[in-house]
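Written below as structure tokens is the structure these notes are about.
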Amino acid sequence: MASGMQEKQFTPCLLSFFIYNPTFGPREGEEEKKILFYHPNDVEKNEKIRNVGLCEAIVQFTRTFCPTKPAKSLHTQKNRQFFFEPEENFWIVMVVRNPMIEKLNKDGKPPTVEYQEEEILDTVYGAVVRQCYSMYKLFNGTFTRAMEAGGVEMLIQKLEKFFYRYLQTLHLQSCDLLDVFGGISFFPLDKMTYLKIQSFVNRVEESLSLIKYTAFLYNDQLIWSGLEQDDMRILYKYLTTSLFPRHSEPELAGRDSPLRPEVAGNLLHYGRFLTGPTNLKDPEAKFRFPKIFVSTQDGYEELHLIVYKAMSAAACFMISASVELTREFCEKLDGLVGPQLTLLASDICEQFTINRRISGPEKEPQFKFIYFNHMNLAEKSTIHMRKTASVCLTSVHPDLMKILGDINCDFARVDEDEEIIVKAMTDYWVVGKKSDQRELYVILNQKNANLIEVNEAVKKLCATQFNNIFFLD
């Protein structure tokens, strides 16, 4: 990314990503056996062995200082390495190149490169590495499971199949505080509409007894989930950043659109499968659904993931993987869920429109803030504009996002509730509040404000946006 003729700026990027197990090649000459996955793959064998060996040495060396907490990251001038041990002896390493500025020299000399070593936050990219493992585990189960099923060969196959595609979706330049939280955006609903959704979920689960868990989303926001929080958190990430953007569609398909509804009784039917068969009427249709792994009290269970959408409403149905899903089952689900989900989607849309009319026209938010609740993983941001499959845009300067990350690091060091106020170089004020497992970060553009006025502005925000949430003053 260039800024002016004299200097070029480069954002952080992925240099390498590898997974190894030091117990797989303990003797000299067997080092290559330790490496289970290495990206980029075209790196020479000896360099792979050397890089893995270096990481192994760093981890072992830091264990001498603290046996229970080995190294999490290594800072160097040009890059930063992140280490994560998700399962015993399995290590994931991600190497990120530091942002840099390339300054052109007049005399035809090579450009001068300045690495910005402090611009990368360990908390943000450490969370990205953990997310990589969680996403792998959602679709494949643990590394140990693959080993038990088919030895090292099967694990290597699974890692290569998954990470080859997944690493292409990592956009490190737009990772920020939201990656640390890994929260869920909830859709605000009135009680009556919420009860209608709960009633719909209960009716479907009763009629189709094979369904074990259900989740309901509208406009990429969660309304109802029967899954454990940590499972829903990673499934939500997959749905909103990968599956839904690939199948984006107009909110309401017109009468003459290819999504022409079928009339079932008096009900319109806009429903369709996002996973599984694209067209139920196709005699060649395949009834294969992606499988996911969710936690149970004594381990995990494997489930089929059916994602069914009507307009902006999506229902996820999870069914035990031991059951074979047939055309008859899918037709029954389509006939039952399609018309009801279409009706619910229009009800929610109507309610949403009424609420928006009451709250006035949509304009630039008065307050730019990020809110996160550690108890229910609820997250709300007026800083982030719409996420797409490839990028998550923010409406504030990266320097301000870095300050938010720094404040979050300070909050993580202590258990007590606290407040931090920062005056940025650009005349912005940044406020962080931590209270009772909730965190609120506010960015104010009030050039000549003093501390008292900033405090009053934050109180006003809490009163309007979070009137039912208690923040300590």
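Residue numbering restarts at 1 in every chain; chains get A, B, ... in the order shown in the structure tokens, and ligands count up from 1 in that same order.
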
Residues of segment 195-411 of chain A in alpha helix (DSSP H), written as an MDAnalysis selection string: chainID A and resid 195:207 229:238 244:246 327:359 398:411

Find the residues around Ile407 of chain A up to 12 Å (only C-alpha atoms counted), leave out those fewer than 3 positions away in its own chain, and share them as a list in words. Leu121, Thr123, Leu177, Leu400, Met401, Lys402, Ile403, Leu404, Asp410, Phe411, Ala412, Arg413, Val414, Glu418, Glu419, Ile420, Ile421, Val422, Val430, Val431, Gly432, Lys433, Lys434, Glu439, Leu440, Tyr441 and Val442 of chain A

In terms of the shortest atom-to-atom distance over only C-alpha atoms, which of A:Gln77, A:Ser312, A:Lys109, A:Asp122 is closest to Phe216 of chain A?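 Closest candidate: A:Ser312.
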
Using atom CA of Leu210 of chain A and atom CA of Ser320 of chain A as the two end points, give the distance in Å to one decimal. 7.5 Å

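If only C-alpha atoms are the atoms counted, then among A:Lys137, A:Phe90, A:Thr144, A:Glu416 the closest residue to Phe24 of chain A is A:Phe90.
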
Tell me, which residues of segment 9-250 of chain A carry DSSP strand (DSSP E or B), written as a PyMOL selection string? chain A and resi 9-10+13-20+35-39+73-75+79-87+90-97+100-103+112-115+184+186+211-218+221-225

Residue contacts of Asp231 of chain A (12 Å, only C-alpha atoms) excluding same-chain residues fewer than 6 positions away, as a list in words: Gln131, Ser134, Met135, Lys137, Leu138, Phe139, Gly141, Gly182, Gly183, Ile184, Tyr213, Ala215, Ser225, Lys237, Tyr238, Ile292, Phe293, Val294, Ser295, Thr296, Tyr300, Glu301 and Leu377 of chain A

Which residues are close to segment 148-157 of chain A, i.e. within 8 Å by only C-alpha atoms, leaving aside same-chain residues fewer than 5 positions away? Reply as a PyMOL selection string. chain A and resi 36-37+143

Go ahead and dump the residues you just picked, all heavy atoms, as a compact mmCIF listing (two decimals), in the first residue's frame.
```
# COMPACT_ATOMS: atom_id res chain seq x y z
N LEU A 36 4.18 -31.93 10.75
CA LEU A 36 2.89 -32.48 10.32
C LEU A 36 2.26 -31.62 9.23
O LEU A 36 1.51 -32.10 8.39
CB LEU A 36 1.94 -32.56 11.52
CG LEU A 36 2.46 -33.43 12.68
CD1 LEU A 36 1.63 -33.22 13.93
CD2 LEU A 36 2.46 -34.90 12.27
N PHE A 37 2.56 -30.34 9.26
CA PHE A 37 2.04 -29.42 8.24
C PHE A 37 2.99 -28.23 8.16
O PHE A 37 3.48 -27.76 9.19
CB PHE A 37 0.63 -28.94 8.61
CG PHE A 37 0.10 -27.88 7.68
CD1 PHE A 37 -0.45 -28.24 6.45
CD2 PHE A 37 0.16 -26.52 8.00
CE1 PHE A 37 -0.92 -27.27 5.57
CE2 PHE A 37 -0.32 -25.55 7.13
CZ PHE A 37 -0.86 -25.92 5.91
N PHE A 143 -6.63 -33.35 17.12
CA PHE A 143 -5.51 -34.00 16.44
C PHE A 143 -5.41 -35.47 16.89
O PHE A 143 -5.17 -36.37 16.09
CB PHE A 143 -4.18 -33.30 16.79
CG PHE A 143 -4.09 -31.87 16.29
CD1 PHE A 143 -3.17 -30.99 16.84
CD2 PHE A 143 -4.89 -31.41 15.26
CE1 PHE A 143 -3.06 -29.68 16.38
CE2 PHE A 143 -4.80 -30.11 14.79
CZ PHE A 143 -3.87 -29.23 15.35
```

I'd like the interatomic distance between atom CA of Leu280 of chain A and atom CA of Glu328 of chain A, to a tenth of an Å.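 Going from atom CA of Leu280 of chain A over to atom CA of Glu328 of chain A, I get 10.0 Å.
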
Which residues are close to Gln60 of chain A, i.e. within 12 Å by only C-alpha atoms, leaving aside same-chain residues fewer than 3 positions away? Reply as a ChimeraX atom specification. /A:22,53-57,63-72,83,89

Near-Val180 of chain A list (10 Å; only C-alpha atoms; drop same-chain fewer than 6 positions) as a ChimeraX atom specification: /A:122-128,130-131,405,408

Could you tell me how far atom CA of Lys368 of chain A sits from atom CA of Met232 of chain A, in Å to one decimal place?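 The value is 26.8 Å.
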